[in-house]
Structure formats: structure tokens, C-alpha cells
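Raw contents of start.csv, CSV, C-alpha atoms and all ligand atoms:
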chain,number,residue,atom,x,y,z
N,1,THR,CA,-18.1,5.7,22.3
N,2,TRP,CA,-15.1,7.5,20.9
N,3,THR,CA,-12.8,9.3,23.3
N,4,THR,CA,-9.2,10.2,23.0
N,5,GLY,CA,-8.6,8.1,26.2
N,6,ASN,CA,-10.0,5.0,24.5
N,7,VAL,CA,-8.0,5.5,21.4
N,8,ILE,CA,-4.8,5.9,23.3
N,9,GLU,CA,-5.4,2.9,25.5
N,10,GLU,CA,-6.4,0.7,22.6
N,11,GLN,CA,-3.4,1.6,20.5
N,12,VAL,CA,-0.9,1.3,23.4
N,13,GLU,CA,-2.1,-2.2,24.1
N,14,ALA,CA,-2.1,-3.2,20.4
N,15,ILE,CA,1.4,-1.7,19.8
N,16,ARG,CA,2.8,-3.5,22.9
N,17,GLU,CA,1.5,-6.8,21.8
N,18,LEU,CA,2.7,-6.3,18.2
N,19,VAL,CA,6.3,-5.1,19.0
N,20,GLY,CA,7.0,-7.5,21.9
N,21,ASP,CA,10.6,-7.1,22.8
N,22,LYS,CA,11.8,-5.8,19.4
N,23,ARG,CA,12.7,-2.2,18.5
N,24,ALA,CA,11.0,0.4,16.4
N,25,ILE,CA,12.1,3.6,14.7
N,26,CYS,CA,10.2,6.7,13.6
N,27,GLY,CA,11.1,9.7,11.5
N,28,LEU,CA,10.0,13.0,13.0
N,29,SER,CA,9.2,15.8,10.5
N,30,GLY,CA,8.2,18.5,13.0
N,31,GLY,CA,4.6,18.0,11.9
N,32,VAL,CA,1.6,17.0,13.9
N,33,ASP,CA,1.1,13.5,12.5
N,34,SER,CA,4.6,12.0,13.0
N,35,ALA,CA,4.8,13.7,16.4
N,36,VAL,CA,1.6,12.2,17.7
N,37,ALA,CA,2.4,8.8,16.2
N,38,ALA,CA,5.8,8.8,17.9
N,39,ALA,CA,4.3,9.9,21.2
N,40,LEU,CA,1.8,7.1,21.1
N,41,VAL,CA,4.4,4.5,20.3
N,42,GLN,CA,6.7,5.9,22.9
N,43,LYS,CA,3.9,5.6,25.5
N,44,ALA,CA,3.5,1.9,24.5
N,45,ILE,CA,7.1,0.7,24.2
N,46,GLY,CA,9.3,3.5,25.8
N,47,SER,CA,13.0,3.0,25.1
N,48,GLN,CA,12.4,0.4,22.4
N,49,LEU,CA,11.5,3.3,20.2
N,50,THR,CA,14.1,5.6,18.6
N,51,CYS,CA,13.1,8.7,16.7
N,52,VAL,CA,15.1,10.3,13.9
N,53,TYR,CA,14.9,13.9,13.0
N,54,VAL,CA,16.7,15.1,10.0
N,55,ASP,CA,17.4,18.8,10.2
N,56,HIS,CA,17.6,19.8,6.6
N,57,GLY,CA,18.0,23.5,7.4
N,58,LEU,CA,14.7,24.3,5.6
N,59,MET,CA,12.5,24.5,8.6
N,60,ARG,CA,10.9,27.6,9.9
N,61,LYS,CA,12.1,29.7,12.8
N,62,ASP,CA,12.1,27.7,16.1
N,63,GLU,CA,10.7,24.5,14.7
N,64,THR,CA,13.8,22.4,15.0
N,65,GLU,CA,14.2,23.5,18.7
N,66,GLN,CA,10.6,22.6,19.4
N,67,VAL,CA,11.2,19.1,18.2
N,68,GLU,CA,14.7,18.8,19.8
N,69,LYS,CA,13.8,20.3,23.2
N,70,ASP,CA,10.0,20.6,23.8
N,71,PHE,CA,8.9,17.3,22.2
N,72,VAL,CA,11.6,15.4,23.9
N,73,ALA,CA,10.8,17.0,27.2
N,74,ALA,CA,7.1,16.2,26.8
N,75,THR,CA,7.6,12.5,25.8
N,76,GLY,CA,11.0,11.4,27.0
N,77,VAL,CA,11.6,9.9,23.6
N,78,GLN,CA,15.0,8.8,22.5
N,79,LEU,CA,15.9,11.1,19.6
N,80,LYS,CA,18.7,11.1,17.1
N,81,VAL,CA,19.1,14.4,15.4
N,82,VAL,CA,21.1,14.7,12.2
N,83,ASP,CA,22.3,18.2,11.4
N,84,ALA,CA,22.3,18.0,7.6
N,85,GLU,CA,21.9,21.7,6.7
N,86,GLU,CA,25.2,22.0,4.9
N,87,ARG,CA,24.7,18.8,2.9
N,88,PHE,CA,21.2,20.0,1.7
N,89,LEU,CA,22.5,23.5,0.9
N,90,LYS,CA,25.3,22.1,-1.1
N,91,ALA,CA,23.0,19.7,-3.0
N,92,LEU,CA,20.6,22.6,-3.8
N,93,ALA,CA,23.3,25.1,-4.9
N,94,GLY,CA,22.5,26.5,-8.3
N,95,VAL,CA,19.1,24.9,-8.6
N,96,SER,CA,16.0,26.9,-9.3
N,97,ASP,CA,13.7,24.5,-10.9
N,98,PRO,CA,10.9,23.4,-8.5
N,99,GLU,CA,10.7,19.8,-9.4
N,100,GLU,CA,14.5,19.5,-9.4
N,101,LYS,CA,14.5,21.0,-5.9
N,102,ARG,CA,11.9,18.6,-4.7
N,103,LYS,CA,13.8,15.6,-6.1
N,104,ILE,CA,17.1,16.7,-4.5
N,105,ILE,CA,15.5,17.3,-1.1
N,106,GLY,CA,13.6,14.0,-1.2
N,107,ARG,CA,16.7,12.1,-2.3
N,108,GLU,CA,19.1,13.7,0.2
N,109,PHE,CA,16.5,13.1,2.9
N,110,ILE,CA,16.3,9.4,2.2
N,111,ARG,CA,20.1,9.1,2.2
N,112,VAL,CA,20.5,10.9,5.5
N,113,PHE,CA,17.6,9.0,7.1
N,114,GLU,CA,19.0,5.6,5.9
N,115,GLN,CA,22.4,6.4,7.3
N,116,ALA,CA,20.9,7.3,10.7
N,117,GLN,CA,18.8,4.2,10.6
N,118,ALA,CA,21.8,2.0,9.8
N,119,GLU,CA,23.5,3.5,12.8
N,120,ILE,CA,20.6,2.7,15.1
N,121,ILE,CA,20.3,-0.8,13.8
N,122,ALA,CA,24.0,-1.3,14.4
N,123,ASP,CA,23.6,-0.3,18.1
N,124,GLU,CA,23.5,-3.1,20.6
N,125,GLY,CA,20.0,-4.4,21.3
N,126,PRO,CA,17.1,-6.3,20.0
N,127,ALA,CA,16.3,-6.3,16.2
N,128,VAL,CA,14.7,-3.2,14.7
N,129,GLU,CA,11.7,-4.7,13.1
N,130,PHE,CA,9.2,-1.8,13.0
N,131,LEU,CA,8.8,1.6,11.3
N,132,VAL,CA,6.3,4.0,12.7
N,133,GLN,CA,4.4,6.2,10.3
N,134,GLY,CA,1.9,9.0,10.9
N,135,THR,CA,-0.5,7.9,8.2
N,136,LEU,CA,-4.0,9.4,8.7
N,137,TYR,CA,-7.4,8.1,7.5
N,138,PRO,CA,-7.6,10.6,4.6
N,139,ASP,CA,-4.1,9.4,3.5
N,140,VAL,CA,-5.3,5.8,3.5
N,141,VAL,CA,-8.4,6.8,1.4
N,142,GLU,CA,-6.5,9.0,-0.9
N,143,SER,CA,-3.8,6.4,-1.8
N,144,GLY,CA,-6.1,3.5,-2.1
N,145,GLY,CA,-9.1,5.3,-3.5
N,146,GLY,CA,-7.9,5.5,-7.1
N,147,THR,CA,-9.7,8.8,-7.7
N,148,GLY,CA,-7.4,9.4,-10.6
N,149,THR,CA,-6.1,12.7,-9.5
N,150,ALA,CA,-3.0,13.7,-11.5
N,151,ASN,CA,0.3,13.8,-9.7
N,152,ILE,CA,0.9,17.5,-10.1
N,153,LYS,CA,3.9,17.8,-7.7
N,154,SER,CA,6.2,15.1,-6.4
N,155,HIS,CA,5.2,15.2,-2.8
N,156,HIS,CA,7.9,14.4,-0.3
N,157,ASN,CA,7.0,13.1,3.2
N,158,VAL,CA,8.9,11.5,6.0
N,159,GLY,CA,6.7,8.6,5.2
N,160,GLY,CA,7.9,8.4,1.6
N,161,LEU,CA,10.8,6.1,2.4
N,162,PRO,CA,12.5,3.5,0.2
N,163,GLU,CA,10.6,0.5,-0.9
N,164,ASP,CA,13.3,-2.1,-0.3
N,165,LEU,CA,13.0,-1.8,3.5
N,166,GLU,CA,12.1,-4.9,5.4
N,167,PHE,CA,10.2,-3.1,8.2
N,168,LYS,CA,6.8,-3.9,9.4
N,169,LEU,CA,4.7,-0.7,9.6
N,170,ILE,CA,3.1,0.7,12.7
N,171,GLU,CA,0.4,3.2,11.8
N,172,PRO,CA,-1.4,4.1,14.9
N,173,LEU,CA,-3.4,7.0,13.4
N,174,ARG,CA,-4.8,5.1,10.4
N,175,LYS,CA,-8.4,5.5,11.6
N,176,LEU,CA,-8.2,9.2,12.6
N,177,PHE,CA,-8.9,12.5,11.1
N,178,LYS,CA,-6.6,15.5,11.6
N,179,ASP,CA,-8.7,17.1,14.4
N,180,GLU,CA,-8.8,13.8,16.2
N,181,VAL,CA,-5.0,13.4,15.9
N,182,ARG,CA,-4.7,16.9,17.5
N,183,MET,CA,-6.9,15.9,20.4
N,184,VAL,CA,-4.9,12.7,20.9
N,185,GLY,CA,-1.7,14.7,20.8
N,186,GLN,CA,-3.1,17.2,23.4
N,187,GLU,CA,-4.1,14.3,25.7
N,188,LEU,CA,-0.6,12.9,25.4
N,189,GLY,CA,0.7,16.2,26.7
N,190,LEU,CA,2.5,17.4,23.5
N,191,PRO,CA,3.4,21.1,23.2
N,192,GLU,CA,0.7,23.3,21.8
N,193,GLU,CA,3.1,24.6,19.1
N,194,ILE,CA,3.4,21.1,17.7
N,195,VAL,CA,-0.2,19.9,18.2
N,196,GLN,CA,-1.7,23.0,16.6
N,197,ARG,CA,0.8,23.4,13.8
N,198,GLN,CA,-0.6,24.0,10.3
N,199,PRO,CA,0.4,21.8,7.4
N,200,PHE,CA,4.0,22.4,6.2
N,201,PRO,CA,5.5,20.7,3.2
N,202,GLY,CA,8.3,18.1,3.6
N,203,PRO,CA,10.7,20.1,1.4
N,204,GLY,CA,10.1,23.0,3.7
N,205,LEU,CA,11.2,26.6,2.9
N,206,GLY,CA,13.1,25.1,-0.1
N,207,ILE,CA,10.0,25.3,-2.2
N,208,ARG,CA,9.0,28.7,-0.8
N,209,ILE,CA,12.0,30.5,-2.3
N,210,VAL,CA,11.3,31.1,-6.0
N,211,GLY,CA,14.9,30.9,-7.3
N,212,GLU,CA,18.0,29.3,-5.9
N,213,VAL,CA,18.0,28.3,-2.2
N,214,THR,CA,20.8,29.8,-0.2
N,215,LYS,CA,21.4,30.2,3.5
N,216,GLU,CA,21.0,33.9,3.3
N,217,ARG,CA,17.7,33.7,1.6
N,218,LEU,CA,16.4,31.1,4.0
N,219,ASP,CA,17.3,33.3,6.9
N,220,LEU,CA,15.5,36.2,5.4
N,221,LEU,CA,12.4,34.1,4.6
N,222,ARG,CA,12.4,32.6,8.1
N,223,GLU,CA,12.2,36.2,9.5
N,224,ALA,CA,9.4,37.2,7.3
N,225,ASP,CA,7.5,33.9,8.0
N,226,ALA,CA,7.9,34.3,11.7
N,227,ILE,CA,6.4,37.8,11.6
N,228,ALA,CA,3.4,36.7,9.6
N,229,ARG,CA,2.8,33.7,11.9
N,230,GLU,CA,3.2,35.9,15.0
N,231,GLU,CA,0.6,38.5,13.7
N,232,LEU,CA,-1.9,35.9,12.5
N,233,THR,CA,-1.7,34.2,15.9
N,234,ALA,CA,-2.0,37.5,17.8
N,235,ALA,CA,-5.1,38.4,15.7
N,236,GLY,CA,-6.6,35.0,16.7
N,237,LEU,CA,-6.8,33.8,13.1
N,238,ASP,CA,-5.0,30.5,13.3
N,239,ARG,CA,-8.1,28.5,13.3
N,240,ASP,CA,-9.8,30.4,10.5
N,241,ILE,CA,-7.1,29.7,7.9
N,242,TRP,CA,-5.8,26.3,6.7
N,243,GLN,CA,-2.2,27.6,6.3
N,244,CYS,CA,-0.4,30.7,5.2
N,245,PRO,CA,2.7,30.0,3.1
N,246,VAL,CA,5.1,33.0,3.0
N,247,VAL,CA,7.1,33.0,-0.2
N,248,LEU,CA,10.3,34.9,-1.2
N,249,LEU,CA,10.5,35.9,-4.8
N,250,ALA,CA,14.3,35.8,-4.8
N,251,ASP,CA,14.7,36.3,-8.5
N,252,VAL,CA,12.5,39.4,-8.6
N,253,ARG,CA,13.5,42.9,-7.5
N,254,SER,CA,11.5,46.1,-7.4
N,255,VAL,CA,12.3,49.7,-6.7
N,256,GLY,CA,11.2,51.2,-3.4
N,257,VAL,CA,12.0,54.1,-1.1
N,258,GLN,CA,12.8,53.8,2.6
N,259,GLY,CA,14.1,56.5,4.9
N,260,ASP,CA,15.7,58.9,2.4
N,261,GLY,CA,17.0,56.3,0.0
N,262,ARG,CA,16.1,54.3,-3.0
N,263,THR,CA,15.9,50.6,-2.4
N,264,TYR,CA,15.9,47.7,-4.8
N,265,GLY,CA,14.7,44.7,-2.9
N,266,HIS,CA,12.7,41.5,-3.1
N,267,PRO,CA,8.9,41.0,-2.7
N,268,ILE,CA,7.4,38.7,-0.1
N,269,VAL,CA,4.2,36.9,-1.0
N,270,LEU,CA,1.5,36.1,1.6
N,271,ARG,CA,-0.6,33.1,0.6
N,272,PRO,CA,-3.3,32.6,3.3
N,273,VAL,CA,-5.8,29.9,2.2
N,274,SER,CA,-8.9,28.4,3.6
N,275,SER,CA,-9.5,24.7,2.8
N,276,GLU,CA,-11.0,21.5,4.0
N,277,ASP,CA,-8.5,19.0,2.7
N,278,ALA,CA,-5.9,21.0,0.6
N,279,MET,CA,-7.3,19.4,-2.6
N,280,THR,CA,-9.1,22.7,-3.3
N,281,ALA,CA,-8.7,26.0,-1.5
N,282,ASP,CA,-9.8,29.6,-1.5
N,283,TRP,CA,-7.7,32.6,-0.6
N,284,SER,CA,-8.6,33.8,2.9
N,285,ARG,CA,-10.2,37.2,3.2
N,286,LEU,CA,-8.0,38.4,6.0
N,287,PRO,CA,-8.8,41.7,7.8
N,288,TYR,CA,-7.0,44.6,6.1
N,289,ASP,CA,-5.6,45.8,9.4
N,290,VAL,CA,-3.9,42.4,10.0
N,291,LEU,CA,-2.4,42.5,6.5
N,292,ALA,CA,-1.3,46.0,7.0
N,293,LYS,CA,0.5,45.1,10.2
N,294,ILE,CA,2.3,42.2,8.6
N,295,SER,CA,3.3,44.2,5.7
N,296,THR,CA,4.6,47.1,7.8
N,297,ARG,CA,6.6,44.8,10.0
N,298,ILE,CA,8.1,42.7,7.3
N,299,THR,CA,9.3,45.7,5.2
N,300,ASN,CA,10.6,47.4,8.4
N,301,GLU,CA,12.3,44.4,10.0
N,302,VAL,CA,13.5,42.2,7.2
N,303,SER,CA,16.4,43.6,5.3
N,304,ASP,CA,16.3,43.4,1.5
N,305,VAL,CA,12.5,43.1,1.4
N,306,ASN,CA,10.7,46.3,0.3
N,307,ARG,CA,7.3,45.0,-0.8
N,308,VAL,CA,4.7,42.6,0.5
N,309,VAL,CA,2.0,41.2,-1.9
N,310,LEU,CA,-1.1,39.2,-1.4
N,311,ASP,CA,-1.9,36.1,-3.4
N,312,VAL,CA,-5.6,36.2,-4.3
N,313,THR,CA,-5.8,33.0,-6.3
N,314,SER,CA,-8.0,30.0,-5.5
N,315,LYS,CA,-6.9,26.4,-6.0
N,316,PRO,CA,-7.5,25.5,-8.8
N,317,PRO,CA,-6.0,27.2,-10.8
N,318,GLY,CA,-3.2,28.0,-8.3
N,319,THR,CA,-1.8,25.4,-6.0
N,320,ILE,CA,-1.3,26.3,-2.4
N,321,GLU,CA,2.4,26.3,-2.5
N,322,TRP,CA,4.2,28.3,-5.2
N,323,GLU,CA,6.5,25.4,-6.3
M,401,LIG,P1,-0.3,22.2,-3.1
M,401,LIG,O1,0.8,23.2,-3.3
M,401,LIG,O2,-0.1,21.0,-4.0
M,401,LIG,O3,-0.3,21.7,-1.6
M,401,LIG,O4,-1.7,22.8,-3.4
M,401,LIG,C1,-1.3,21.0,-1.0
M,401,LIG,C2,-0.9,20.7,0.4
M,401,LIG,O5,0.2,19.9,0.5
M,401,LIG,C3,1.3,20.5,1.2
M,401,LIG,N1,2.5,20.1,0.4
M,401,LIG,C4,3.3,19.1,0.9
M,401,LIG,N2,3.2,18.3,2.0
M,401,LIG,N3,5.1,17.2,1.3
M,401,LIG,C5,4.2,17.4,2.2
M,401,LIG,O6,4.2,16.7,3.2
M,401,LIG,C6,5.3,17.9,0.1
M,401,LIG,O7,6.2,17.7,-0.7
M,401,LIG,C7,4.3,18.9,-0.1
M,401,LIG,N4,4.0,19.8,-1.1
M,401,LIG,C8,2.9,20.5,-0.7
M,401,LIG,C9,1.0,22.0,1.1
M,401,LIG,O8,1.6,22.7,2.1
M,401,LIG,C10,-0.5,22.0,1.2
M,401,LIG,O9,-0.9,21.9,2.5

Could you render the structure from this file as C-alpha cells?
Ligand code: XMP
Amino acid sequence: TWTTGNVIEEQVEAIRELVGDKRAICGLSGGVDSAVAAALVQKAIGSQLTCVYVDHGLMRKDETEQVEKDFVAATGVQLKVVDAEERFLKALAGVSDPEEKRKIIGREFIRVFEQAQAEIIADEGPAVEFLVQGTLYPDVVESGGGTGTANIKSHHNVGGLPEDLEFKLIEPLRKLFKDEVRMVGQELGLPEEIVQRQPFPGPGLGIRIVGEVTKERLDLLREADAIAREELTAAGLDRDIWQCPVVLLADVRSVGVQGDGRTYGHPIVLRPVSSEDAMTADWSRLPYDVLAKISTRITNEVSDVNRVVLDVTSKPPGTIEWE
């Protein structure tokens, strides 16, 4: 019978045998899958694993700290953090086109990751022969299934690394579904904030700012997003929704009034969706009082935002993310 204990034991044994006395590396994205995959491999081979976390500056509030501190504390993993915020901001300067942004973020990510990888390989020690990936069962089916779905957006994942690499892959989650991965993560003692995290795109907040990505706009969006997440959690709605992107319409301004003055600020869009697999989705019918609370708090607490709007579009025709 299937238990998380069995899965862990089985994988740990298999990974030990496979890796022997060689080394492995793993890219952490802040998401559930890469975190659980890394924790499993860490349990199997300890210090023979090194994780790499590229901080592209496009993460949500507190997410980088959760990886740097809480994940490391829970697993004891060796982690190399690369602070690449400036590099990403520079590369994104002046760019508003969504696909262009995705390409730039994906390209920079690979460059930074490769550099970190080269440094790890150059360190003294056994050969680095393995790359750990958090591939899930649905990913396996989707990529091999040939269902003929059109490539609508160029998805970027930590997994989407260069093809010319000579690594052997370790994919300990290949047979698992998302809820099973969460159970395994919990059993491994990972922080709740990571195990229960909702899907978040690889390009991060970079594709949730409609318009150019700047540090100032990212900080503003981080605040609004943190408020929305806080209120959804407080209302006990985390498990009812698939995810809730919060989007900044940086190129739009509207007139408002606050205190005794006219304002001319940006709208924030709430995009709560329900879904089984992200291929299709419906907009979540969130309680009005929760929406009201989020709206009041965002307009009061986030400067330069004077309007909150709700996206009531299903997928299709709308995608979940705005870019
Ligand atoms: P869309 O916007 O295509 O999103 O309806 C479907 C799901 O995929 C997530 N998403 C991404 N995830 N890299 C990822 O790892 C990406 O580039 C990316 N783009 C979108 C999105 O959050 C949703 O869950």
C-alpha cells in the first residue's frame, strides 16, 4: 500500500544506489516540487548534494527568506544563493512585451544558474554527475502525451535548463501527484509555507506587472500581493482556490479621491481561480466581505494604488496569468 513513508524509504534507497559517491546539484525555485525533490535527495546523500537558488528579485514577499533560512534549517541542505536582482532588473529595463520579458528572464536565469553550477563543479570533490528535478507525474504525461496543445506562452521552469548538459537526471517525484508531493514534503518536515504554496510562475512577478518591470513597481506589487495572501489565508480560503495572481496595471492610471485630495494611481487586479490542473480554470466566487477587506487594505496601505478590480474571466478565454 501507498504511504508517504514507503515512498520516502524507497526513493532514498534508490537515490543512494544511483549516486554512489558522486555529487548532485539541484535548482530550487521556491516552489513545492523542487523543494520536496531536494529534501528527498538530501535525505539520501546529504552533503553530496548542493542546491542553487537564483534570487532574481521577482519573488513575492518573504519567499526568498523562506528558502534561504527555513528550508535550510529544516533540511540541513548545502545551499548556494545567487543574488541576481540587479542583473535581472537591468536586463528587463525598458521591456514591456510579455514574451520578451519571459525570454529575458529565462535566458538570464540559465546564465546565472550555469555560472553557479560551474563554480560548484570547480570545487574540490567527487564529480558532479547528477541533476535533481522536481518533475511530477502530470508533467511526465503532459510532455510525452502529445495531446497537441498549442504552446501559448513560453513557460520557464527551473527544470528548463540547457540541453547540452551532460548530467544524469534524478527525478524522485516522477510517479507522484501534487497532493502526494505535499504529503511527502510534510513527512520530511518542510515548512508549511513551502509545502502548501500555491503555483507561482518561474518568471515571478515579472509577468504580473503589465508594463515595464522596475524595482519600485515590484515593491508595490509585493505589498499588494502580501495583503491579498494574508486575507485569503485568514479567511481560510487557501484550499478553495487554485491560486490568486495579483497583477499591477503599471501602464494604466485612473482618477480617485482619498482624504481630501484627488489621486491618479494604478489599479491592482485580483485574479482568484479554481482549477484542477491549470489547463482550464474558472474564476473563484470569493465572499464579498473578503474581497472588500482586501480592497480596503490595498488601497489604504499601498501607495500609488487607488483601485482594486476583480478578474471574472474563465480560462479559456483568459489565461490564468495576465502575461
Ligand atoms: P496560464 O497563465 O498559462 O498559467 O493559464 C497556467 C499555470 O502555469 C503557471 N505559469 C507558469 N509556471 N513557469 C511556471 O513554472 C512559467 O513560465 C509559467 N507561466 C505560467 C501559472 O501560474 C498557472 O498556474

Sorted by chain and rising residue number, list the residues of chain N at most 9 Å from ligand LIG 401 (chain M) (counting all atoms listed in the file), each with its closest atom pair and distance in Å to one decimal, as a tab-separated table.
residue	atom	partner	partner_atom	distance
N:Ser29	CA	M:LIG401	O6	8.9
N:Gly31	CA	M:LIG401	O6	8.8
N:Arg102	CA	M:LIG401	O7	7.0
N:Gly106	CA	M:LIG401	O7	8.3
N:Ile152	CA	M:LIG401	O2	7.1
N:Lys153	CA	M:LIG401	O2	6.3
N:Ser154	CA	M:LIG401	O7	6.3
N:His155	CA	M:LIG401	O7	3.4
N:His156	CA	M:LIG401	O7	3.7
N:Asn157	CA	M:LIG401	O6	4.6
N:Val158	CA	M:LIG401	O6	7.5
N:Gly159	CA	M:LIG401	O6	8.7
N:Gln198	CA	M:LIG401	O9	8.1
N:Pro199	CA	M:LIG401	O9	5.1
N:Phe200	CA	M:LIG401	O8	4.8
N:Pro201	CA	M:LIG401	N2	3.5
N:Gly202	CA	M:LIG401	N3	4.0
N:Pro203	CA	M:LIG401	O7	5.5
N:Gly204	CA	M:LIG401	C6	7.9
N:Ile207	CA	M:LIG401	N4	8.2
N:Trp242	CA	M:LIG401	O9	7.8
N:Gln243	CA	M:LIG401	O9	7.0
N:Cys244	CA	M:LIG401	O8	8.8
N:Pro245	CA	M:LIG401	O8	7.4
N:Asp277	CA	M:LIG401	C2	8.1
N:Ala278	CA	M:LIG401	C1	4.9
N:Met279	CA	M:LIG401	C1	6.4
N:Thr280	CA	M:LIG401	O4	7.4
N:Ala281	CA	M:LIG401	O4	7.9
N:Lys315	CA	M:LIG401	O4	6.8
N:Pro316	CA	M:LIG401	O4	8.4
N:Gly318	CA	M:LIG401	O4	7.3
N:Thr319	CA	M:LIG401	O4	3.7
N:Ile320	CA	M:LIG401	O4	3.7
N:Glu321	CA	M:LIG401	O1	3.6
N:Trp322	CA	M:LIG401	O1	6.4
N:Glu323	CA	M:LIG401	O1	6.8

Atom CA of Lys61 of chain N to atom CA of Glu301 of chain N, distance in Å rounded to a single decimal: 15.0 Å

Surrounding residues of Gly259 of chain N excluding itself and chain neighbours under 3 positions, 12 Å, only C-alpha atoms, as a PyMOL selection string: chain N and resi 256+262-263+299-300+306

Contact residues around Gln196 of chain N with all atoms listed in the file at 12 Å, ignoring same-chain residues under 6 positions, as a ChimeraX atom specification: /N:30-33,35-36,178-186,190,233,238-239,242-243

Shortest interatomic distance to Pro287 of chain N - which of N:Leu232, N:Ile15, N:Glu68, N:Arg197, counting all atoms listed in the file: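 The closest residue to Pro287 of chain N is N:Leu232.
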
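In this structure, atom CA of Thr214 of chain N sits 15.8 Å away from atom CA of Val305 of chain N.
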
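Atom pair atom CA of Gly20 of chain N / atom CA of Gln48 of chain N: separated by 9.6 Å.
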
Selected residue of minimal separation from Asp21 of chain N among N:Phe88, N:Phe71, N:Phe109, N:Phe130, counting only C-alpha atoms: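 Checking each of N:Phe88, N:Phe71, N:Phe109, N:Phe130 against Asp21 of chain N, counting only C-alpha atoms, the winner is N:Phe130.
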
Residue neighbourhood Ala38 of chain N, 12 Å, all atoms listed in the file, exclusion window fewer than 3 positions, as an MDAnalysis selection string: chainID N and resid 11:12 15 24:35 41:53 67 71:72 74:79 131:135 170:173 181 184:185 188 190

Selection near Gly265 of chain N, 9 Å with all atoms listed in the file, sequence-local residues under 5 positions removed, as a PyMOL selection string: chain N and resi 252-256+303-307

What would segment 216-239 of chain N look like with N, CA and C atoms restored, written as a short mmCIF file (atom, residue, chain, number, x, y, z; two decimals), in the coordinates of the input?
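Writing done, so here's rebuild38.cif:
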data_model
loop_
_atom_site.label_atom_id
_atom_site.label_comp_id
_atom_site.auth_asym_id
_atom_site.auth_seq_id
_atom_site.Cartn_x
_atom_site.Cartn_y
_atom_site.Cartn_z
N GLU N 216 21.42 32.55 3.11
CA GLU N 216 21.00 33.90 3.30
C GLU N 216 19.53 34.15 3.04
N ARG N 217 19.07 33.58 1.95
CA ARG N 217 17.70 33.70 1.60
C ARG N 217 16.75 32.97 2.55
N LEU N 218 17.22 31.81 3.01
CA LEU N 218 16.40 31.10 4.00
C LEU N 218 16.27 31.86 5.28
N ASP N 219 17.35 32.48 5.72
CA ASP N 219 17.30 33.30 6.90
C ASP N 219 16.31 34.44 6.80
N LEU N 220 16.37 35.06 5.64
CA LEU N 220 15.50 36.20 5.40
C LEU N 220 14.00 35.72 5.36
N LEU N 221 13.75 34.61 4.68
CA LEU N 221 12.40 34.10 4.60
C LEU N 221 11.89 33.64 5.98
N ARG N 222 12.80 33.05 6.77
CA ARG N 222 12.40 32.60 8.10
C ARG N 222 11.95 33.81 8.96
N GLU N 223 12.63 34.96 8.80
CA GLU N 223 12.20 36.20 9.50
C GLU N 223 10.84 36.62 9.10
N ALA N 224 10.64 36.70 7.81
CA ALA N 224 9.40 37.20 7.30
C ALA N 224 8.22 36.22 7.70
N ASP N 225 8.48 34.94 7.60
CA ASP N 225 7.50 33.90 8.00
C ASP N 225 7.13 34.01 9.45
N ALA N 226 8.15 34.22 10.28
CA ALA N 226 7.90 34.30 11.70
C ALA N 226 7.02 35.50 12.06
N ILE N 227 7.24 36.60 11.36
CA ILE N 227 6.40 37.80 11.60
C ILE N 227 4.98 37.53 11.19
N ALA N 228 4.78 36.94 10.02
CA ALA N 228 3.40 36.70 9.60
C ALA N 228 2.71 35.73 10.53
N ARG N 229 3.40 34.70 10.97
CA ARG N 229 2.80 33.70 11.90
C ARG N 229 2.43 34.41 13.22
N GLU N 230 3.37 35.23 13.69
CA GLU N 230 3.20 35.90 15.00
C GLU N 230 1.91 36.79 14.91
N GLU N 231 1.77 37.54 13.83
CA GLU N 231 0.60 38.50 13.70
C GLU N 231 -0.69 37.73 13.49
N LEU N 232 -0.64 36.65 12.75
CA LEU N 232 -1.90 35.90 12.50
C LEU N 232 -2.33 35.26 13.86
N THR N 233 -1.39 34.78 14.63
CA THR N 233 -1.70 34.20 15.90
C THR N 233 -2.26 35.31 16.86
N ALA N 234 -1.57 36.45 16.88
CA ALA N 234 -2.00 37.50 17.80
C ALA N 234 -3.40 38.01 17.41
N ALA N 235 -3.76 37.93 16.13
CA ALA N 235 -5.10 38.40 15.70
C ALA N 235 -6.14 37.25 15.90
N GLY N 236 -5.71 36.12 16.42
CA GLY N 236 -6.60 35.00 16.70
C GLY N 236 -7.15 34.33 15.42
N LEU N 237 -6.34 34.35 14.36
CA LEU N 237 -6.80 33.80 13.10
C LEU N 237 -6.33 32.42 12.73
N ASP N 238 -5.55 31.82 13.61
CA ASP N 238 -5.00 30.50 13.30
C ASP N 238 -6.00 29.47 12.90
N ARG N 239 -7.13 29.50 13.55
CA ARG N 239 -8.10 28.50 13.30
C ARG N 239 -9.00 28.80 12.08
#
